[in-house]
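One file, data_24.cif, carrying mmCIF, C-alpha atoms:
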```cif
data_final
#
loop_
_atom_site.label_atom_id
_atom_site.label_comp_id
_atom_site.auth_asym_id
_atom_site.auth_seq_id
_atom_site.Cartn_x
_atom_site.Cartn_y
_atom_site.Cartn_z
CA MET A 1 -125.56 293.62 62.83
CA GLY A 2 -123.03 295.86 64.46
CA THR A 3 -120.95 293.19 66.06
CA ARG A 4 -118.17 292.94 63.56
CA VAL A 5 -115.78 290.94 65.68
CA SER A 6 -113.12 291.04 63.04
CA ARG A 7 -110.31 292.17 65.29
CA SER A 8 -108.47 289.97 67.69
CA SER A 9 -110.26 290.09 71.00
CA ARG A 10 -107.10 291.16 72.82
CA THR A 11 -105.94 294.17 70.83
CA PRO A 12 -108.35 297.07 71.19
CA ALA A 13 -109.31 298.75 67.94
CA ARG A 14 -107.54 301.94 66.92
CA ARG A 15 -109.79 304.83 67.64
CA ALA A 16 -110.79 307.52 65.19
CA ALA A 17 -110.32 311.21 66.02
CA GLY A 18 -114.03 311.78 66.64
CA GLU A 19 -114.17 308.85 69.05
CA LEU A 20 -111.18 310.19 70.97
CA GLU A 21 -112.82 313.60 71.27
CA ALA A 22 -115.86 311.98 72.87
CA GLU A 23 -113.63 310.06 75.31
CA VAL A 24 -111.67 313.12 76.39
CA LEU A 25 -114.85 315.17 76.75
CA ALA A 26 -116.40 312.39 78.83
CA ALA A 27 -113.33 312.33 81.07
CA LEU A 28 -113.53 316.08 81.67
CA TRP A 29 -117.20 315.79 82.56
CA ALA A 30 -116.50 312.96 84.97
CA ALA A 31 -113.74 314.91 86.73
CA ASP A 32 -114.38 316.96 89.85
CA GLY A 33 -112.43 319.99 88.66
CA PRO A 34 -110.27 321.28 85.80
CA LEU A 35 -107.62 318.85 84.50
CA THR A 36 -104.20 319.41 82.99
CA ALA A 37 -103.44 317.51 79.78
CA ALA A 38 -101.44 314.98 81.79
CA ARG A 39 -104.29 314.38 84.25
CA ALA A 40 -106.80 314.20 81.39
CA ARG A 41 -104.64 311.53 79.76
CA GLU A 42 -104.75 309.48 82.97
CA ALA A 43 -108.49 309.95 83.26
CA VAL A 44 -109.09 308.75 79.70
CA GLY A 45 -107.06 305.62 80.40
CA GLY A 46 -105.66 303.33 77.77
CA GLU A 47 -102.46 303.92 75.88
CA LEU A 48 -102.95 307.38 74.38
CA ALA A 49 -99.87 309.54 73.77
CA TYR A 50 -99.62 312.80 75.70
CA ASN A 51 -99.44 314.76 72.45
CA THR A 52 -102.62 313.14 71.16
CA VAL A 53 -104.53 314.16 74.28
CA GLN A 54 -103.07 317.66 74.06
CA THR A 55 -104.17 317.98 70.43
CA ILE A 56 -107.68 316.79 71.21
CA LEU A 57 -107.99 319.18 74.15
CA VAL A 58 -107.02 322.11 71.93
CA ARG A 59 -109.46 320.98 69.26
CA LEU A 60 -112.32 320.67 71.78
CA TYR A 61 -111.39 324.08 73.17
CA GLU A 62 -111.46 325.64 69.70
CA LYS A 63 -114.91 324.13 69.13
CA GLY A 64 -116.11 325.79 72.33
CA LEU A 65 -116.98 322.45 73.93
CA ILE A 66 -114.50 322.89 76.80
CA GLY A 67 -113.00 325.86 78.59
CA ARG A 68 -109.53 326.36 80.03
CA VAL A 69 -107.75 328.34 82.70
CA ALA A 70 -104.04 329.16 82.77
CA ASP A 71 -102.16 327.62 85.67
CA GLY A 72 -98.63 328.94 85.40
CA ARG A 73 -97.33 327.75 82.05
CA ARG A 74 -99.85 324.96 81.71
CA HIS A 75 -103.53 325.01 80.91
CA GLU A 76 -106.24 323.31 82.89
CA TYR A 77 -109.29 322.20 80.95
CA PHE A 78 -112.89 321.79 82.05
CA ALA A 79 -116.22 320.85 80.48
CA VAL A 80 -118.29 323.84 79.42
CA LYS A 81 -121.78 323.58 80.83
CA GLY A 82 -123.61 325.68 78.25
CA ALA A 83 -127.36 325.34 78.64
CA GLU A 84 -126.88 323.06 81.62
CA GLU A 85 -130.12 323.92 83.40
CA LEU A 86 -132.25 323.71 80.27
CA ALA A 87 -130.80 320.37 79.17
CA ALA A 88 -131.24 318.90 82.65
CA GLU A 89 -134.85 320.06 82.79
CA GLN A 90 -135.60 318.67 79.33
CA MET A 91 -134.03 315.36 80.29
CA GLN A 92 -135.92 315.18 83.59
CA ALA A 93 -139.15 315.79 81.72
CA LEU A 94 -138.28 313.09 79.21
CA LEU A 95 -137.51 310.54 81.92
CA SER A 96 -140.76 311.19 83.75
CA ARG A 97 -143.07 310.64 80.76
CA GLY A 98 -145.70 307.94 80.82
CA ARG A 99 -145.36 304.26 80.05
CA ASP A 100 -145.85 304.53 76.28
CA ARG A 101 -142.87 306.83 76.13
CA GLN A 102 -140.67 304.86 78.52
CA ALA A 103 -141.28 301.71 76.51
CA VAL A 104 -139.70 303.18 73.38
CA LEU A 105 -136.74 304.68 75.24
CA GLN A 106 -133.67 302.54 74.64
CA ARG A 107 -131.66 302.57 77.87
CA PHE A 108 -128.06 301.50 78.38
CA ALA A 109 -129.00 299.76 81.59
CA THR A 110 -132.48 299.16 82.95
CA SER A 111 -133.14 299.15 86.67
CA LEU A 112 -132.62 296.07 88.76
CA SER A 113 -134.58 293.86 91.07
CA VAL A 114 -133.21 293.66 94.63
CA GLU A 115 -131.95 290.16 93.96
CA ASP A 116 -130.20 291.13 90.72
CA ALA A 117 -128.58 294.09 92.47
CA ARG A 118 -127.17 291.76 95.11
CA LEU A 119 -125.78 289.41 92.45
CA LEU A 120 -124.13 292.22 90.53
CA GLN A 121 -122.63 293.70 93.69
CA ALA A 122 -121.12 290.34 94.54
CA MET A 123 -119.72 290.12 91.02
CA LEU A 124 -118.12 293.57 91.20
CA ARG A 125 -116.52 292.72 94.54
CA ARG A 126 -115.00 289.60 93.05
CA ARG A 127 -113.56 291.51 90.08
CA PRO A 128 -112.43 294.85 91.37
CA MET B 129 -163.70 280.63 54.73
CA THR B 130 -160.72 278.35 54.93
CA ILE B 131 -158.72 277.61 58.02
CA SER B 132 -155.76 279.50 56.51
CA VAL B 133 -157.16 282.82 57.73
CA TYR B 134 -156.48 281.69 61.30
CA VAL B 135 -153.05 280.21 60.62
CA PRO B 136 -151.10 283.50 61.02
CA ALA B 137 -152.51 283.91 64.54
CA ALA B 138 -151.45 280.38 65.45
CA LEU B 139 -147.99 280.85 63.94
CA SER B 140 -147.61 284.15 65.82
CA LEU B 141 -148.14 282.24 69.06
CA LEU B 142 -145.50 279.76 67.96
CA LEU B 143 -143.05 282.53 67.10
CA ALA B 144 -143.64 284.15 70.49
CA ALA B 145 -142.99 280.81 72.21
CA ILE B 146 -139.80 280.21 70.20
CA SER B 147 -138.47 283.70 70.93
CA ARG B 148 -138.98 283.16 74.67
CA ILE B 149 -137.07 279.89 74.54
CA VAL B 150 -134.12 280.85 72.36
CA VAL B 151 -133.58 284.50 73.32
CA GLY B 152 -130.98 283.64 75.94
CA ARG B 153 -129.00 281.29 73.69
CA ILE B 154 -129.12 282.71 70.21
CA ALA B 155 -126.28 284.86 68.80
CA PRO B 156 -127.39 288.49 69.25
CA THR B 157 -126.72 289.31 65.60
CA ARG B 158 -129.72 287.10 64.76
CA ALA B 159 -132.16 289.72 66.04
CA VAL B 160 -132.96 290.68 62.46
CA VAL B 161 -134.44 287.22 61.78
CA PHE B 162 -136.98 287.74 64.54
CA VAL B 163 -137.75 291.19 63.20
CA VAL B 164 -138.52 289.85 59.72
CA ALA B 165 -140.62 286.98 61.10
CA ALA B 166 -142.52 289.32 63.42
CA MET B 167 -143.27 291.72 60.57
CA LEU B 168 -144.54 288.87 58.36
CA CYS B 169 -146.69 287.48 61.19
CA ALA B 170 -148.10 290.91 62.04
CA ALA B 171 -148.85 291.71 58.41
CA ALA B 172 -150.46 288.32 57.74
CA SER B 173 -152.56 288.29 60.91
CA THR B 174 -153.70 291.87 60.31
CA TRP B 175 -154.66 290.97 56.74
CA GLY B 176 -156.57 288.01 58.16
CA LEU B 177 -158.49 290.41 60.40
CA VAL B 178 -159.24 292.59 57.38
CA LEU B 179 -160.65 289.58 55.49
CA LEU B 180 -162.72 288.40 58.47
CA SER B 181 -164.06 291.91 59.04
CA ALA B 182 -164.90 292.14 55.36
CA THR B 183 -167.30 289.18 55.70
CA LEU B 184 -169.53 291.56 57.66
CA LEU B 185 -170.13 293.40 54.39
CA GLY B 186 -172.16 290.42 53.19
CA ASP B 187 -174.87 291.54 55.63
CA THR B 188 -175.07 295.09 54.31
CA SER B 189 -178.10 295.84 52.16
CA LEU B 190 -175.93 296.94 49.24
CA VAL B 191 -174.23 293.59 48.87
CA ALA B 192 -177.42 291.69 49.66
CA GLU B 193 -179.35 293.50 46.90
CA GLU B 194 -176.56 292.93 44.42
CA ALA B 195 -176.55 289.24 45.32
CA SER B 196 -180.31 288.80 44.92
CA GLU B 197 -180.20 290.64 41.57
CA ARG B 198 -177.60 288.21 40.31
CA GLY B 199 -179.30 285.25 41.88
CA VAL B 200 -176.38 284.46 44.16
CA GLN B 201 -177.18 282.50 47.28
CA LEU B 202 -175.40 284.40 50.09
CA GLN B 203 -174.18 282.50 53.09
CA ASP B 204 -172.06 283.78 55.90
CA PRO B 205 -168.59 282.22 55.54
CA VAL B 206 -167.91 282.80 59.24
CA PRO B 207 -170.25 283.44 62.19
CA GLN B 208 -171.04 287.12 62.48
CA LEU B 209 -169.54 287.20 65.96
CA ILE B 210 -166.12 286.34 64.52
CA GLY B 211 -166.43 289.11 61.96
CA VAL B 212 -167.30 291.64 64.65
CA THR B 213 -164.46 290.47 66.90
CA ALA B 214 -162.03 290.73 64.01
CA ALA B 215 -163.17 294.26 63.26
CA VAL B 216 -162.72 295.30 66.91
CA LEU B 217 -159.23 293.75 67.04
CA LEU B 218 -158.32 295.45 63.78
CA VAL B 219 -159.39 298.90 64.94
CA SER B 220 -157.70 298.60 68.33
CA GLY B 221 -154.52 297.41 66.60
CA VAL B 222 -154.49 300.47 64.39
CA PHE B 223 -154.95 302.69 67.46
CA ARG B 224 -152.01 301.02 69.20
CA VAL B 225 -149.80 301.50 66.14
CA VAL B 226 -150.62 305.21 66.09
CA ARG B 227 -149.78 305.43 69.80
CA VAL B 228 -146.43 303.65 69.38
CA LEU B 229 -145.43 305.80 66.41
CA ARG B 230 -146.39 309.00 68.25
CA ALA B 231 -144.46 307.94 71.35
CA ARG B 232 -141.40 307.09 69.26
CA ARG B 233 -141.46 310.37 67.40
CA ALA B 234 -141.99 312.46 70.53
CA THR B 235 -139.21 310.62 72.40
CA THR B 236 -136.72 311.04 69.56
CA GLN B 237 -137.59 314.73 69.21
CA GLU B 238 -137.11 315.31 72.93
CA LEU B 239 -133.80 313.42 72.96
CA ARG B 240 -132.60 315.56 70.06
CA ALA B 241 -133.69 318.71 71.87
CA VAL B 242 -131.67 317.70 74.95
CA CYS B 243 -128.68 317.00 72.69
CA SER B 244 -128.85 320.38 71.02
CA SER B 245 -129.04 322.07 74.42
CA CYS B 246 -125.75 320.33 75.22
CA GLY B 247 -123.75 321.81 72.34
CA THR B 248 -122.39 320.20 69.22
CA GLY B 249 -120.25 317.13 68.63
CA GLU B 250 -120.93 313.41 68.89
CA LEU B 251 -121.19 313.33 72.67
CA ALA B 252 -123.80 315.31 74.57
CA VAL B 253 -123.55 315.38 78.36
CA VAL B 254 -126.41 316.40 80.66
CA ALA B 255 -125.65 317.51 84.20
CA LEU B 256 -127.89 314.97 85.93
CA ALA B 257 -126.95 312.63 88.74
CA ALA B 258 -129.03 309.66 87.53
CA PRO B 259 -126.90 307.39 85.30
CA HIS B 260 -128.33 307.24 81.78
CA ALA B 261 -126.98 306.76 78.27
CA PHE B 262 -128.94 306.89 75.03
CA ALA B 263 -128.20 306.55 71.35
CA VAL B 264 -130.08 309.35 69.60
CA PRO B 265 -130.70 308.47 65.94
CA GLY B 266 -130.38 311.24 63.41
CA ARG B 267 -127.98 312.61 60.81
CA PRO B 268 -125.53 312.40 62.37
CA GLY B 269 -126.61 310.27 65.29
CA ARG B 270 -125.49 311.41 68.73
CA ILE B 271 -124.72 309.87 72.08
CA LEU B 272 -126.45 311.38 75.10
CA VAL B 273 -125.14 310.56 78.56
CA THR B 274 -125.61 312.00 82.01
CA ARG B 275 -122.78 313.24 84.14
CA GLY B 276 -123.89 310.74 86.79
CA LEU B 277 -123.08 307.89 84.40
CA LEU B 278 -119.67 309.28 83.48
CA SER B 279 -118.65 309.85 87.07
CA VAL B 280 -119.29 306.28 88.28
CA LEU B 281 -117.06 304.83 85.54
CA ASP B 282 -113.34 304.95 84.81
CA GLY B 283 -111.85 305.80 81.40
CA ASP B 284 -112.01 302.26 80.00
CA GLU B 285 -115.59 301.77 81.19
CA ARG B 286 -116.63 305.07 79.65
CA ARG B 287 -115.21 303.81 76.36
CA VAL B 288 -117.49 300.77 76.72
CA VAL B 289 -120.58 302.98 76.97
CA LEU B 290 -119.52 305.06 73.96
CA ALA B 291 -118.82 301.93 71.88
CA HIS B 292 -122.14 300.39 72.94
CA GLU B 293 -124.16 303.44 71.90
CA ARG B 294 -122.17 303.80 68.67
CA ALA B 295 -123.06 300.21 67.82
CA HIS B 296 -126.76 301.08 68.18
CA LEU B 297 -126.32 304.04 65.84
CA GLN B 298 -124.15 302.30 63.25
CA SER B 299 -126.34 299.20 63.07
CA ARG B 300 -129.53 301.31 63.09
CA HIS B 301 -131.00 299.27 65.92
CA HIS B 302 -133.79 301.81 66.31
CA TRP B 303 -135.32 300.50 63.08
CA LEU B 304 -135.28 296.92 64.35
CA ARG B 305 -136.96 298.02 67.55
CA ALA B 306 -139.49 300.22 65.76
CA ALA B 307 -140.45 297.37 63.40
CA THR B 308 -141.10 294.95 66.25
CA GLU B 309 -142.92 297.58 68.30
CA VAL B 310 -145.30 298.20 65.41
CA SER B 311 -145.70 294.44 64.84
CA ALA B 312 -146.53 293.86 68.51
CA ALA B 313 -148.96 296.78 68.44
CA LEU B 314 -150.81 295.21 65.51
CA ASN B 315 -150.69 291.76 67.06
CA PRO B 316 -150.14 291.70 70.85
CA VAL B 317 -149.37 287.99 70.68
CA LEU B 318 -145.97 289.14 69.35
CA ILE B 319 -145.06 291.13 72.49
CA PRO B 320 -142.52 288.49 73.61
CA VAL B 321 -140.83 288.81 70.20
CA ARG B 322 -140.59 292.57 70.68
CA GLU B 323 -138.95 292.05 74.07
CA ALA B 324 -136.61 289.42 72.64
CA VAL B 325 -135.48 291.82 69.91
CA ALA B 326 -135.02 294.64 72.44
CA PHE B 327 -132.79 292.31 74.46
CA LEU B 328 -130.88 291.00 71.44
CA VAL B 329 -130.00 294.47 70.15
CA GLU B 330 -128.62 295.34 73.60
CA ARG B 331 -126.61 292.11 73.57
CA SER B 332 -125.41 292.90 70.07
CA ALA B 333 -124.21 296.35 71.17
CA ASP B 334 -122.55 294.78 74.25
CA GLU B 335 -120.62 292.34 72.07
CA HIS B 336 -119.62 295.16 69.73
CA ALA B 337 -118.32 297.16 72.70
CA ALA B 338 -116.41 294.07 73.83
CA ALA B 339 -114.80 293.76 70.39
CA VAL B 340 -113.85 297.45 70.39
CA THR B 341 -112.43 297.54 73.91
CA GLY B 342 -110.97 294.05 73.72
CA SER B 343 -112.57 292.78 76.93
CA ARG B 344 -115.98 291.23 77.56
CA LYS B 345 -115.33 291.38 81.33
CA LEU B 346 -114.83 295.13 81.07
CA VAL B 347 -118.20 295.51 79.36
CA ALA B 348 -119.89 293.40 82.05
CA GLN B 349 -118.26 295.52 84.74
CA ALA B 350 -119.35 298.83 83.18
CA LEU B 351 -122.88 297.50 82.75
CA ALA B 352 -123.09 296.29 86.35
CA LYS B 353 -121.76 299.58 87.71
CA VAL B 354 -124.26 301.67 85.75
CA ALA B 355 -127.15 299.40 86.66
CA LEU B 356 -126.24 299.48 90.35
CA ALA B 357 -125.78 303.25 90.33
CA GLY B 358 -129.31 303.58 88.93
CA GLY B 359 -130.78 301.16 91.46
CA ALA B 360 -132.94 303.79 93.12
CA ASP B 361 -134.67 304.81 89.91
CA GLY B 362 -138.34 304.41 90.81
CA ASP B 363 -139.68 305.45 87.41
CA ALA B 364 -137.66 302.86 85.56
CA ARG B 365 -138.74 300.17 87.98
CA ALA B 366 -142.39 300.94 87.39
CA TRP B 367 -142.26 300.23 83.68
CA SER B 368 -139.70 297.45 83.61
CA ALA B 369 -142.02 295.53 85.95
CA ALA B 370 -144.48 295.52 83.08
CA LEU B 371 -142.18 293.50 80.81
CA PRO B 372 -143.57 290.07 80.04
CA PHE B 373 -140.55 288.17 81.18
CA ALA B 374 -137.81 288.77 83.66
CA GLY B 375 -134.27 287.55 83.14
CA CYS B 376 -133.77 289.53 79.96
CA GLY B 377 -132.43 292.60 81.66
CA VAL B 378 -129.03 293.76 82.75
CA SER B 379 -128.19 290.69 84.80
CA ALA B 380 -128.81 288.40 81.84
CA ARG B 381 -126.52 290.58 79.72
CA VAL B 382 -123.83 290.54 82.41
CA ALA B 383 -124.13 286.76 82.71
CA ALA B 384 -123.88 286.37 78.93
CA LEU B 385 -120.71 288.46 78.88
CA HIS B 386 -119.18 286.24 81.56
CA SER B 387 -119.88 283.07 79.61
CA ASP B 388 -118.44 282.02 76.26
CA PRO B 389 -118.95 284.28 73.24
CA PRO B 390 -122.12 283.33 71.34
CA ARG B 391 -121.74 280.94 68.43
CA PRO B 392 -124.03 281.35 65.45
CA GLU B 393 -126.43 278.42 65.14
CA PRO B 394 -127.90 278.02 61.67
CA LEU B 395 -130.95 276.01 62.69
CA VAL B 396 -132.89 278.55 64.76
CA PRO B 397 -132.72 281.48 62.31
CA SER B 398 -133.77 279.38 59.34
CA SER B 399 -136.69 277.82 61.21
CA VAL B 400 -137.83 281.23 62.42
CA LEU B 401 -137.65 282.57 58.87
CA ALA B 402 -139.51 279.50 57.56
CA LEU B 403 -142.22 280.25 60.10
CA GLY B 404 -142.51 283.81 58.78
CA VAL B 405 -142.76 282.56 55.20
CA ALA B 406 -145.40 279.99 56.17
CA THR B 407 -147.44 282.82 57.66
CA ALA B 408 -147.23 284.77 54.44
CA ILE B 409 -148.32 281.72 52.41
CA ALA B 410 -151.31 281.22 54.71
CA ALA B 411 -152.28 284.85 54.17
CA VAL B 412 -152.16 284.37 50.40
CA GLN B 413 -154.31 281.23 50.66
CA ALA B 414 -156.83 283.07 52.81
CA THR B 415 -156.95 285.85 50.25
CA ILE B 416 -157.63 283.36 47.44
CA ALA B 417 -160.41 281.76 49.48
CA PHE B 418 -161.92 285.18 50.12
CA TYR B 419 -161.72 286.07 46.46
CA GLN B 420 -163.57 282.88 45.55
CA LEU B 421 -166.34 283.96 47.92
CA VAL B 422 -166.83 287.34 46.35
CA TYR B 423 -165.69 286.99 42.74
CA TRP B 424 -169.29 287.36 41.55
CA LEU B 425 -169.15 290.98 42.77
CA TRP B 426 -166.74 291.89 40.00
CA PRO B 427 -168.33 292.88 36.68
CA THR B 428 -167.98 290.08 34.14
#
```
Here is the file; what I need is its structure written in the form of structure tokens.
Amino acid sequence: MGTRVSRSSRTPARRAAGELEAEVLAALWAADGPLTAARAREAVGGELAYNTVQTILVRLYEKGLIGRVADGRRHEYFAVKGAEELAAEQMQALLSRGRDRQAVLQRFATSLSVEDARLLQAMLRRRP
Amino acid sequence: MTISVYVPAALSLLLAAISRIVVGRIAPTRAVVFVVAAMLCAAASTWGLVLLSATLLGDTSLVAEEASERGVQLQDPVPQLIGVTAAVLLVSGVFRVVRVLRARRATTQELRAVCSSCGTGELAVVALAAPHAFAVPGRPGRILVTRGLLSVLDGDERRVVLAHERAHLQSRHHWLRAATEVSAALNPVLIPVREAVAFLVERSADEHAAAVTGSRKLVAQALAKVALAGGADGDARAWSAALPFAGCGVSARVAALHSDPPRPEPLVPSSVLALGVATAIAAVQATIAFYQLVYWLWPT
């Protein structure tokens, strides 16, 4: 089920174009302001080529998922917040539903007990 | 009525006990074994309730008249109290199933609505500070994350979250969870199995993310960061407190990622499956016993 650990555990898998688009988009959302292609490449991390990042940025821009501003000869890219308010409201509503509904919601990380939080904090300090 | 009608209930208890014991040690890819066993147990115990409730029909005037016409000596195979209890359990189980299915459908619909408000593409980002990530099943499935989650992580850690949610979508974990939720709704004895499966699918997605990113430590780190960032989430705390056992949450997943990769153990899955099959056999035996009670009702 899902965990096909076929690849060596040290070499990360090669990523498909769609996966890279999600990564670049996530990086733009996480950033405080518009990013140049070079800064976006840093934010994505890993070993991506500059040209790859540039291509993905243009593709995302053409799809209308990100916007860009000209800064001299370069472009700076930013996440387009389309129906930002609506989506946030819908999500808030979803997260505040009753117990039946929360029970079927599959979360990435559930909340922690005070003791667990302390343990995890200690762990993060050890491995910065 | 033979004892076999009660066997599925007893085996469900056993399955629940086993799932509590092995959930922390078993390879996460074995979740499907527990799903199959839970479905068999739920189906068999529900069928048992149907048979026990059906013994109440022996008291109805229709059946009684038919019996006296044919000269059949009617005797209650089980005390009436057991029949009534079975009927009550059966009806409340059906109500719970309806509730679970409604909640699932409404939640998925709302998640999809949030996604479509966030534009197209695989990744949908909501401008919320609370750190959340969800796999939204559909064709195609999508990944919904909050900006708060993205901003507490670096590029590699964000890749972990994406890989984790993709694993849920690719392996169709929502079906495994739905199957155990329905099973536990029919037979609440199976609630620990439901929780075990919920934990195992998360572990499975964690290990998949580790394989994709090449580092189990990285996955643990991303998980810990997100969990800590969401520490003040009062709503989440309220319902996670209702889980039947602690130690199956984020910290257990982080601990598992810091220890050796799980090794598949053949013994546990086969014994769990055997348990499921035994339940099904008991249900068949109970059905035969019931048929022998009422075969005179069929026209000869």
Applied to this file, what does the PyMOL selection byres ((chain B and resi 345) around 9) return in terms of residues, put as a ChimeraX atom specification? /A:127 /B:338,343-344,346-350,382,385-386
If you count all atoms listed in the file, which residues fall within 6 Å of A:Ala30, apart from same-chain ones fewer than 2 positions away, as a ChimeraX atom specification? /A:27-28 /B:278-279
Include C-alpha atoms and write out the residues we just selected as a short mmCIF file (atom, residue, chain, number, x, y, z; two decimals), in the coordinates of the input.
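Dumped to result.cif:
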```cif
data_model
loop_
_atom_site.label_atom_id
_atom_site.label_comp_id
_atom_site.auth_asym_id
_atom_site.auth_seq_id
_atom_site.Cartn_x
_atom_site.Cartn_y
_atom_site.Cartn_z
CA ALA A 27 -113.33 312.33 81.07
CA LEU A 28 -113.53 316.08 81.67
CA LEU B 278 -119.67 309.28 83.48
CA SER B 279 -118.65 309.85 87.07
#
```
Which residues are near stretch 235-245 of chain B? Cut-off 7 Å, all atoms listed in the file, ignore same chain within fewer than 2 positions. Put them as a CSV table (one decimal) with C-alpha atoms, in the coordinates of the input.
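Result saved to part_34.csv:
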```
chain,number,residue,atom,x,y,z
A,83,ALA,CA,-127.4,325.3,78.6
A,86,LEU,CA,-132.2,323.7,80.3
A,87,ALA,CA,-130.8,320.4,79.2
A,90,GLN,CA,-135.6,318.7,79.3
A,91,MET,CA,-134.0,315.4,80.3
A,94,LEU,CA,-138.3,313.1,79.2
A,101,ARG,CA,-142.9,306.8,76.1
B,231,ALA,CA,-144.5,307.9,71.4
B,232,ARG,CA,-141.4,307.1,69.3
B,233,ARG,CA,-141.5,310.4,67.4
B,247,GLY,CA,-123.8,321.8,72.3
B,248,THR,CA,-122.4,320.2,69.2
B,252,ALA,CA,-123.8,315.3,74.6
B,264,VAL,CA,-130.1,309.4,69.6
B,272,LEU,CA,-126.4,311.4,75.1
```
Mind checking which residues fall within 8 Å of B:Glu250, counting all atoms listed in the file, ignoring those fewer than 5 positions away in the same chain, and posting them as a VMD selection string? (chain A and resid 18 22) or (chain B and resid 269 to 271)
Kindly resolve the PyMOL selection byres ((chain A and resi 61) around 12) on the present coordinates and return the residues as a VMD selection string. chain A and resid 21 24 to 25 28 54 to 60 62 to 69 75 to 80
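The nearest approach to chain A among the residues B:Val317, B:Leu229, B:Ala192, B:Val340, with all atoms listed in the file taken into account, belongs to B:Val340.
Reported to one decimal place, the separation of atom CA of B:Ala257 from atom CA of A:Glu84 is 12.6 Å.
Minimum atom-to-atom distance to B:Val226, evaluated using all atoms listed in the file, belongs to A:Asp100 out of A:Ala88, A:Asp100, A:Ala16, A:Leu48.
The gap separating atom CA of B:Ala313 from atom CA of B:Thr174 is 10.6 Å, in Å to one decimal.
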Could you give me, as a VMD selection string, the residues that have an atom at most 12 Å away from the point (-125.5, 287.4, 68.3) in the coordinates of the file, using all atoms listed in the file? (chain A and resid 1 to 5) or (chain B and resid 150 to 161 325 327 to 336 381 384 to 385 388 to 394 397)
Hey, can you check how far atom CA of A:Thr110 sits from atom CA of A:Ala40? 29.8 Å
